[in-house]
Structure formats: structure tokens, C-alpha cells
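Structure data follow from run-v4.cif (mmCIF, C-alpha atoms and all ligand atoms):
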```
data_input
#
loop_
_atom_site.label_atom_id
_atom_site.label_comp_id
_atom_site.auth_asym_id
_atom_site.auth_seq_id
_atom_site.Cartn_x
_atom_site.Cartn_y
_atom_site.Cartn_z
CA MET D 1158 106.98 78.49 50.26
CA ARG D 1159 103.26 77.78 50.77
CA ALA D 1160 101.31 74.64 51.63
CA THR D 1161 98.11 73.58 53.34
CA LEU D 1162 98.46 70.51 55.55
CA SER D 1163 96.14 68.66 57.85
CA GLY D 1164 96.73 66.75 61.05
CA ASP D 1165 94.26 64.91 63.25
CA ARG D 1166 93.05 68.09 64.96
CA VAL D 1167 94.79 70.92 63.17
CA LEU D 1168 94.91 72.55 59.79
CA LEU D 1169 98.14 74.26 58.77
CA ARG D 1170 97.62 77.16 56.39
CA PRO D 1171 99.86 79.73 54.69
CA LEU D 1172 100.67 82.90 56.63
CA ASP D 1173 98.03 85.62 56.38
CA ALA D 1174 99.37 89.16 56.93
CA GLU D 1175 96.03 90.18 58.48
CA ASN D 1176 97.13 88.27 61.59
CA ILE D 1177 100.33 90.29 62.10
CA PRO D 1178 98.94 92.39 65.02
CA LEU D 1179 97.81 89.23 66.84
CA VAL D 1180 101.16 87.51 66.25
CA ILE D 1181 103.01 90.57 67.56
CA SER D 1182 100.85 90.51 70.70
CA TRP D 1183 101.78 86.83 71.20
CA LEU D 1184 105.48 87.58 70.67
CA ARG D 1185 105.29 90.36 73.28
CA ASP D 1186 103.72 88.08 75.90
CA PRO D 1187 106.50 87.08 78.36
CA ASP D 1188 104.82 83.71 79.00
CA VAL D 1189 104.99 82.93 75.28
CA ASN D 1190 108.38 84.40 74.40
CA ARG D 1191 110.23 83.33 77.58
CA TYR D 1192 112.16 80.58 75.81
CA MET D 1193 111.83 81.67 72.22
CA LEU D 1194 115.17 82.06 70.50
CA SER D 1195 113.81 85.04 68.57
CA GLY D 1196 114.43 87.05 71.74
CA HIS D 1197 112.33 89.49 73.72
CA GLU D 1198 112.80 92.76 71.86
CA PRO D 1199 109.51 94.29 70.70
CA ILE D 1200 108.90 93.69 66.99
CA SER D 1201 107.32 96.43 64.86
CA VAL D 1202 104.46 95.82 62.41
CA GLU D 1203 106.78 96.89 59.56
CA ASP D 1204 109.48 94.39 60.53
CA GLU D 1205 106.94 91.60 60.92
CA ALA D 1206 105.35 92.45 57.56
CA ARG D 1207 108.80 92.30 55.93
CA TRP D 1208 109.39 88.90 57.54
CA TYR D 1209 106.01 87.61 56.27
CA ALA D 1210 106.83 88.70 52.72
CA GLU D 1211 110.27 87.10 52.97
CA MET D 1212 108.86 83.81 54.30
CA LEU D 1213 106.14 83.62 51.65
CA ALA D 1214 108.65 84.22 48.85
CA SER D 1215 111.38 81.99 50.27
CA GLU D 1216 112.29 78.65 48.69
CA SER D 1217 114.06 77.54 51.86
CA ASP D 1218 111.43 78.40 54.50
CA LEU D 1219 107.91 77.12 55.02
CA VAL D 1220 105.96 78.89 57.77
CA LEU D 1221 102.34 77.94 58.41
CA GLN D 1222 99.51 79.05 60.67
CA ILE D 1223 98.10 76.44 63.06
CA HIS D 1224 94.31 76.31 63.23
CA ASP D 1225 91.92 74.06 65.14
CA ALA D 1226 90.51 71.87 62.37
CA GLY D 1227 87.03 71.93 63.87
CA THR D 1228 86.52 75.57 64.82
CA GLY D 1229 89.10 77.27 62.59
CA ARG D 1230 90.51 79.07 65.65
CA TYR D 1231 93.98 80.43 64.96
CA LEU D 1232 96.44 79.10 67.57
CA GLY D 1233 99.99 79.86 66.47
CA ASN D 1234 102.63 79.28 63.83
CA THR D 1235 105.04 76.50 62.98
CA GLY D 1236 107.64 76.21 60.28
CA LEU D 1237 110.68 74.73 58.67
CA HIS D 1238 113.66 76.98 58.09
CA ARG D 1239 116.95 76.79 56.20
CA ILE D 1240 115.63 73.88 54.14
CA ASP D 1241 118.75 72.48 52.50
CA ARG D 1242 118.14 70.47 49.31
CA THR D 1243 121.70 69.13 49.14
CA HIS D 1244 121.79 67.63 52.62
CA ARG D 1245 117.97 67.24 52.80
CA SER D 1246 117.69 68.91 56.18
CA GLY D 1247 115.77 71.70 57.85
CA GLU D 1248 115.13 73.35 61.22
CA LEU D 1249 111.73 73.26 62.92
CA GLY D 1250 110.22 76.10 64.91
CA ILE D 1251 106.85 76.36 66.67
CA MET D 1252 104.83 78.78 68.77
CA ILE D 1253 101.35 78.16 70.09
CA GLY D 1254 100.71 81.84 70.81
CA ASP D 1255 97.23 81.36 72.25
CA LYS D 1256 98.54 80.19 75.62
CA VAL D 1257 95.21 78.97 77.02
CA GLN D 1258 95.53 76.26 74.37
CA TRP D 1259 98.83 74.88 75.69
CA GLY D 1260 99.00 71.27 76.80
CA LEU D 1261 96.00 70.21 74.73
CA GLY D 1262 97.89 68.35 72.03
CA TYR D 1263 97.88 71.04 69.34
CA GLY D 1264 101.66 71.41 69.34
CA ARG D 1265 102.13 67.69 68.97
CA ASP D 1266 99.60 67.39 66.16
CA ALA D 1267 100.96 70.43 64.30
CA MET D 1268 104.56 69.19 64.47
CA ILE D 1269 103.62 65.69 63.33
CA ALA D 1270 101.73 67.13 60.33
CA LEU D 1271 104.68 69.37 59.45
CA LEU D 1272 107.21 66.54 59.86
CA ARG D 1273 105.08 64.23 57.71
CA HIS D 1274 105.31 66.87 54.96
CA ALA D 1275 109.02 67.44 55.62
CA PHE D 1276 109.98 63.76 55.36
CA GLY D 1277 107.39 62.98 52.66
CA GLU D 1278 106.71 65.68 50.08
CA LEU D 1279 109.88 67.68 50.75
CA GLY D 1280 112.06 64.55 50.94
CA LEU D 1281 114.09 65.66 53.96
CA HIS D 1282 116.34 63.20 55.78
CA ARG D 1283 116.85 65.12 59.03
CA VAL D 1284 114.93 67.82 60.90
CA HIS D 1285 116.52 69.49 63.89
CA LEU D 1286 115.45 72.15 66.34
CA ARG D 1287 117.03 74.30 69.00
CA CYS D 1288 115.46 74.66 72.43
CA HIS D 1289 116.31 76.57 75.59
CA PRO D 1290 117.39 74.06 78.30
CA ASP D 1291 114.81 75.48 80.76
CA ASN D 1292 111.89 75.08 78.33
CA ARG D 1293 110.43 72.05 80.08
CA ARG D 1294 107.14 72.10 78.22
CA GLY D 1295 108.88 72.38 74.87
CA LEU D 1296 111.39 69.63 75.66
CA ALA D 1297 108.62 67.32 76.92
CA ALA D 1298 106.67 67.92 73.73
CA TYR D 1299 109.68 67.34 71.43
CA ARG D 1300 110.72 64.16 73.26
CA ALA D 1301 107.14 62.85 73.26
CA ILE D 1302 107.07 63.23 69.48
CA GLY D 1303 110.37 61.39 69.06
CA PHE D 1304 113.09 64.02 68.88
CA THR D 1305 116.45 63.02 70.39
CA GLU D 1306 118.71 65.42 72.22
CA VAL D 1307 122.01 65.45 70.34
CA GLY D 1308 123.92 68.33 71.82
CA ARG D 1309 124.24 71.58 73.62
CA GLU D 1310 125.56 74.70 71.93
CA ARG D 1311 127.31 76.85 74.50
CA GLU D 1312 126.50 80.55 74.87
CA ALA D 1313 124.81 80.43 71.50
CA ILE D 1314 122.12 83.04 72.19
CA PHE D 1315 122.17 86.48 73.80
CA ILE D 1316 118.95 87.11 75.68
CA GLU D 1317 118.28 89.64 78.43
CA GLY D 1318 121.91 90.70 78.53
CA GLU D 1319 123.21 87.19 79.02
CA TRP D 1320 124.86 84.54 76.91
CA GLN D 1321 122.81 81.37 77.17
CA ASP D 1322 123.19 77.80 75.92
CA HIS D 1323 120.63 76.00 73.84
CA LEU D 1324 120.01 72.33 73.22
CA VAL D 1325 119.87 70.71 69.80
CA LEU D 1326 117.39 67.90 69.14
CA ASP D 1327 116.85 66.07 65.90
CA MET D 1328 114.80 63.40 64.17
CA LEU D 1329 115.66 61.29 61.13
CA GLU D 1330 113.24 60.23 58.43
CA HIS D 1331 113.25 56.53 59.39
CA GLU D 1332 112.63 57.41 63.04
CA PHE D 1333 109.57 59.42 62.07
CA ARG D 1334 108.23 56.55 59.94
CA GLU D 1335 108.80 54.05 62.75
CA LEU D 1336 106.93 56.20 65.26
CA HIS D 1337 104.23 57.84 63.19
CA GLY D 1338 103.74 55.69 60.13
CA ASP D 1339 104.22 56.40 56.48
CA THR D 1340 104.60 59.90 55.12
CA ALA D 1341 102.56 59.34 51.97
C1 LIG H 1 106.16 74.16 73.31
C2 LIG H 1 104.78 74.10 72.66
C3 LIG H 1 104.93 74.21 71.15
C4 LIG H 1 104.13 72.73 73.00
O1 LIG H 1 102.85 72.68 72.42
P1 LIG H 1 101.59 72.23 73.28
O2 LIG H 1 100.41 72.23 72.39
O3 LIG H 1 101.54 73.05 74.52
O4 LIG H 1 102.02 70.73 73.68
P2 LIG H 1 101.13 69.41 73.54
O5 LIG H 1 99.87 69.60 74.30
O6 LIG H 1 101.02 69.03 72.11
O7 LIG H 1 102.02 68.36 74.31
C5 LIG H 1 102.94 67.53 73.66
C6 LIG H 1 103.56 66.59 74.66
O8 LIG H 1 104.27 67.31 75.67
C7 LIG H 1 103.77 66.96 76.97
N1 LIG H 1 103.63 68.19 77.72
C8 LIG H 1 102.98 69.30 77.32
N2 LIG H 1 103.07 70.26 78.28
C9 LIG H 1 103.80 69.70 79.30
C10 LIG H 1 104.27 70.17 80.56
N3 LIG H 1 103.97 71.40 81.01
N4 LIG H 1 105.00 69.34 81.33
C11 LIG H 1 105.28 68.09 80.92
N5 LIG H 1 104.87 67.60 79.72
C12 LIG H 1 104.15 68.39 78.93
C13 LIG H 1 102.43 66.36 76.77
O9 LIG H 1 102.16 65.39 77.75
C14 LIG H 1 102.52 65.76 75.39
O10 LIG H 1 103.05 64.46 75.46
P3 LIG H 1 102.12 63.24 74.95
O11 LIG H 1 101.78 63.58 73.52
O12 LIG H 1 102.99 62.05 75.09
O13 LIG H 1 100.93 63.29 75.87
C15 LIG H 1 103.85 75.25 73.18
O14 LIG H 1 103.61 75.07 74.55
C16 LIG H 1 104.41 76.64 72.92
O15 LIG H 1 104.27 77.14 71.83
N6 LIG H 1 105.00 77.30 73.94
C17 LIG H 1 105.47 78.70 73.83
C18 LIG H 1 106.49 78.97 72.74
C19 LIG H 1 107.67 78.03 72.79
O16 LIG H 1 108.24 77.81 73.86
N7 LIG H 1 108.03 77.49 71.63
C20 LIG H 1 109.13 76.58 71.51
C21 LIG H 1 110.42 77.29 71.45
S1 LIG H 1 111.80 76.11 71.35
#
```

Here is the file; what I need is its structure written in the form of C-alpha cells.
Amino acid sequence: MRATLSGDRVLLRPLDAENIPLVISWLRDPDVNRYMLSGHEPISVEDEARWYAEMLASESDLVLQIHDAGTGRYLGNTGLHRIDRTHRSGELGIMIGDKVQWGLGYGRDAMIALLRHAFGELGLHRVHLRCHPDNRRGLAAYRAIGFTEVGREREAIFIEGEWQDHLVLDMLEHEFRELHGDTA
């Protein structure tokens, strides 16, 4: 799926395969991937290119690049996965790969723009996400936006030779509207 969305400070644009080497360098950075559920194994250009093609063709995934709206600087990716038309739900993921840009509000703005699209145009009722319990920055950002922690899935991921838990947070359409205004 493709879309171009705008937030207050960010533009969200369709994936561009030219950025694959940069994205791979972000995914290899231990500061960036520490809590990412995609794991820490190195990803090859071929595998990433296959994933880009799959995402762009998919009817149940929407992955977008996050750019600074003013400068155009490419900052990371965010997306909705496993979009389910029957139950009107989807799972959010985000990575600001350019780590010097953390804590400046880009993550917040990008997620709000994506959620506005999810609850508006795509008509979703619920968006959830999974987060490592030690990802304090991520959890602070999700809670600040209005996600609620709804559970903990035990030993759900295998990272660095260990089974680890992750937390589940979610947001409902009416909660988004109450906090962030209309989706139209
Ligand atoms: C998690 C991530 C998406 C957050 O994006 P960000 O741009 O750094 O966060 P923002 O600047 O938008 O901050 C959003 C909120 O979190 C709070 N926050 C951000 N960093 C924080 C920190 N280190 N400690 C406490 N609160 C923090 C901010 O105060 C802000 O709240 P506010 O809007 O009420 O002021 C980003 O840091 C990232 O991509 N990290 C690496 C990859 C990753 O962990 N992805 C998530 C996997 S589940």
C-alpha cells in the first residue's frame, strides 16, 4: 500500500528502494535496534529489497518514510502491519533511524499522522503495538500519544539467545479522536 501523509513537522512518503543501504545501516546500529522486535541479525540488501517489494505490493501493510517537512531530511520509517479489514485493526511499528533526531518530537508527530490516516481513511477501530519492556523512550512516547498498556506476552521474542517478554499497547478510534481531534 502507498500513501503520502503530512503531520505538523513531518511528511510521510512511500518507501524508496534507493534508501535501502541507509536503512540497513540504521538497523545494524545497536543503539537503534536494541529494542526492535525485528532482532539484531544483520540484514542483507537482497532481503531488504525483497521486503520493500513485498510492502509496496501488500494490501495489508502500509510502510512510509518519515521526513522533516521543512528540510526533507529522511529520519526513519513507520508503518501499519497486518491491517485486518474484518476486525478493522492493525499493528503500528516505528523507527527513527537517525538517532541524533531522537527526542525532538518527530516520532510523536509521525505516529499521530499515521494514526489519523489509520482511524480516518482506513477506517480502523483499533491499532496496537508491541514494545520491549525496557524500551523506556519508546514506552514514554507511546504513552504520551495516548496508547494504553493492555498486556504482556511472555517469552514472545527470541533475541540474543534469550526468550524475552514484550508489552502490548493499544489505542481505539474514539480515544484518538478525543486526544487528537477529528481524523478527517
Ligand atoms: C521510540 C521512538 C520512535 C520515539 O521517537 P522520538 O522522536 O525519539 O520521540 P519524541 O521526541 O516524539 O517523544 C515523544 C514523547 O516521548 C517522550 N520522550 C521521548 N524520549 C524520552 C526519554 N528518553 N525519556 C522519557 N520520555 C521521552 C517525550 O517527552 C514525548 O512526550 P511529549 O510529546 O508529551 O513531550 C524513537 O526514539 C526510535 O525510533 N527509537 C529507536 C527504535 C525503536 O526503539 N523503535 C520502537 C520499537 S517498539

Can you measure CA of Leu1336 in chain D to CA of Gly1303 in chain D for me? One decimal in Å is fine. 7.3 Å

Just to confirm, what's the straight-line distance from CA of Lys1256 in chain D to CA of Val1202 in chain D in Å (one decimal)? 21.3 Å

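Candidate residues D:Asp1218, D:Glu1198, D:Asp1173, D:Asp1266 were compared for distance to ligand LIG 1 (chain H), and the nearest is D:Asp1266, using all atoms listed in the file.
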
Adding 6 Å on each side of the box along x, y and z that holds all listed atoms of ligand LIG 1 (chain H), could you give its centre and edge lengths in Å to one decimal, as AutoDock Vina command-line options?
```
--center_x 105.8 --center_y 70.5 --center_z 76.2 --size_x 23.9 --size_y 28.9 --size_z 22.2
```

Can you list every residue of chain D that has an atom at most 10 Å from ligand LIG 1 (chain H), with its nearest atom pair and the distance in Å to one decimal, using only C-alpha atoms and all ligand atoms, ordered by chain then number, as a Markdown table?
```
| residue | atom | partner | partner_atom | distance |
| --- | --- | --- | --- | --- |
| D:Trp1183 | CA | H:LIG1 | C18 | 9.3 |
| D:Leu1184 | CA | H:LIG1 | C18 | 8.9 |
| D:Asp1186 | CA | H:LIG1 | C17 | 9.8 |
| D:Pro1187 | CA | H:LIG1 | C17 | 9.6 |
| D:Asp1188 | CA | H:LIG1 | C17 | 7.2 |
| D:Val1189 | CA | H:LIG1 | C17 | 4.5 |
| D:Asn1190 | CA | H:LIG1 | C18 | 6.0 |
| D:Arg1191 | CA | H:LIG1 | O16 | 6.9 |
| D:Tyr1192 | CA | H:LIG1 | O16 | 5.2 |
| D:Met1193 | CA | H:LIG1 | C21 | 4.7 |
| D:Leu1194 | CA | H:LIG1 | C21 | 6.8 |
| D:Ser1195 | CA | H:LIG1 | C21 | 8.9 |
| D:Leu1232 | CA | H:LIG1 | O15 | 9.1 |
| D:Gly1233 | CA | H:LIG1 | O15 | 7.4 |
| D:Asn1234 | CA | H:LIG1 | O15 | 8.4 |
| D:Thr1235 | CA | H:LIG1 | C3 | 8.5 |
| D:Leu1249 | CA | H:LIG1 | S1 | 8.9 |
| D:Gly1250 | CA | H:LIG1 | S1 | 6.6 |
| D:Ile1251 | CA | H:LIG1 | N7 | 5.2 |
| D:Met1252 | CA | H:LIG1 | O15 | 3.5 |
| D:Ile1253 | CA | H:LIG1 | O15 | 3.5 |
| D:Gly1254 | CA | H:LIG1 | O15 | 6.0 |
| D:Asp1255 | CA | H:LIG1 | O15 | 8.2 |
| D:Lys1256 | CA | H:LIG1 | N6 | 7.3 |
| D:Val1257 | CA | H:LIG1 | O3 | 9.0 |
| D:Gln1258 | CA | H:LIG1 | O2 | 6.6 |
| D:Trp1259 | CA | H:LIG1 | O3 | 3.5 |
| D:Gly1260 | CA | H:LIG1 | O5 | 3.1 |
| D:Leu1261 | CA | H:LIG1 | O5 | 3.9 |
| D:Gly1262 | CA | H:LIG1 | O6 | 3.2 |
| D:Tyr1263 | CA | H:LIG1 | O2 | 4.1 |
| D:Gly1264 | CA | H:LIG1 | O2 | 3.4 |
| D:Arg1265 | CA | H:LIG1 | O6 | 3.6 |
| D:Asp1266 | CA | H:LIG1 | O6 | 6.3 |
| D:Ala1267 | CA | H:LIG1 | O6 | 7.9 |
| D:Met1268 | CA | H:LIG1 | C3 | 8.4 |
| D:Ile1269 | CA | H:LIG1 | O6 | 9.7 |
| D:Leu1286 | CA | H:LIG1 | S1 | 7.4 |
| D:Arg1287 | CA | H:LIG1 | S1 | 6.0 |
| D:Cys1288 | CA | H:LIG1 | S1 | 4.1 |
| D:His1289 | CA | H:LIG1 | S1 | 6.2 |
| D:Pro1290 | CA | H:LIG1 | S1 | 9.2 |
| D:Asp1291 | CA | H:LIG1 | O16 | 9.8 |
| D:Asn1292 | CA | H:LIG1 | O16 | 6.4 |
| D:Arg1293 | CA | H:LIG1 | N4 | 6.2 |
| D:Arg1294 | CA | H:LIG1 | C10 | 4.2 |
| D:Gly1295 | CA | H:LIG1 | C1 | 3.6 |
| D:Leu1296 | CA | H:LIG1 | C1 | 7.3 |
| D:Ala1297 | CA | H:LIG1 | O8 | 4.5 |
| D:Ala1298 | CA | H:LIG1 | O8 | 3.1 |
| D:Tyr1299 | CA | H:LIG1 | O8 | 6.9 |
| D:Arg1300 | CA | H:LIG1 | O8 | 7.6 |
| D:Ala1301 | CA | H:LIG1 | O12 | 4.6 |
| D:Ile1302 | CA | H:LIG1 | O11 | 6.7 |
| D:Gly1303 | CA | H:LIG1 | O12 | 9.6 |
| D:His1323 | CA | H:LIG1 | S1 | 9.2 |
| D:Leu1324 | CA | H:LIG1 | S1 | 9.2 |
| D:Val1325 | CA | H:LIG1 | S1 | 9.8 |
```

Using all atoms listed in the file, which of the listed residues (D:Trp1208, D:Phe1333, D:Tyr1231, D:Phe1276) sits closest to Phe1304 in chain D? D:Phe1333

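The smallest atom-to-atom distance between Asp1225 in chain D and any of D:Glu1310, D:Glu1175, D:Asp1165, D:Asp1339, using only C-alpha atoms, is found for D:Asp1165.
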
Name the residues, using the chain letters and numbers of the file, that sit within 10 Å of (105.9, 79.0, 57.9) when counting all atoms listed in the file, and give them as a ChimeraX atom specification. /D:1158-1160,1169-1172,1209,1212-1213,1215,1218-1223,1234-1238,1249-1251,1271

Nearby residues (all atoms listed in the file) at most 12 Å from His1282 in chain D, same-chain spacing under 3 positions excluded, as number ranges by chain: D: 1240-1248, 1272-1279, 1285, 1327-1334

Mind pulling up the distance from CA of Val1180 in chain D to CA of Glu1317 in chain D? 21.1 Å

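Ranking D:Glu1306, D:Glu1216, D:Asp1204, D:Glu1211 by their shortest atom-to-atom distance to Leu1326 in chain D, with only C-alpha atoms included, puts D:Glu1306 first.
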
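Proximity to Ile1316 in chain D was assessed for D:Gly1196, D:Pro1178, D:Gly1164, D:Gly1280 counting only C-alpha atoms; the smallest distance is recorded for D:Gly1196.
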
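Taking all atoms listed in the file into account, Ile1177 in chain D lies nearest to D:Glu1203 out of the set D:Gln1321, D:Ser1163, D:Ala1226, D:Glu1203.
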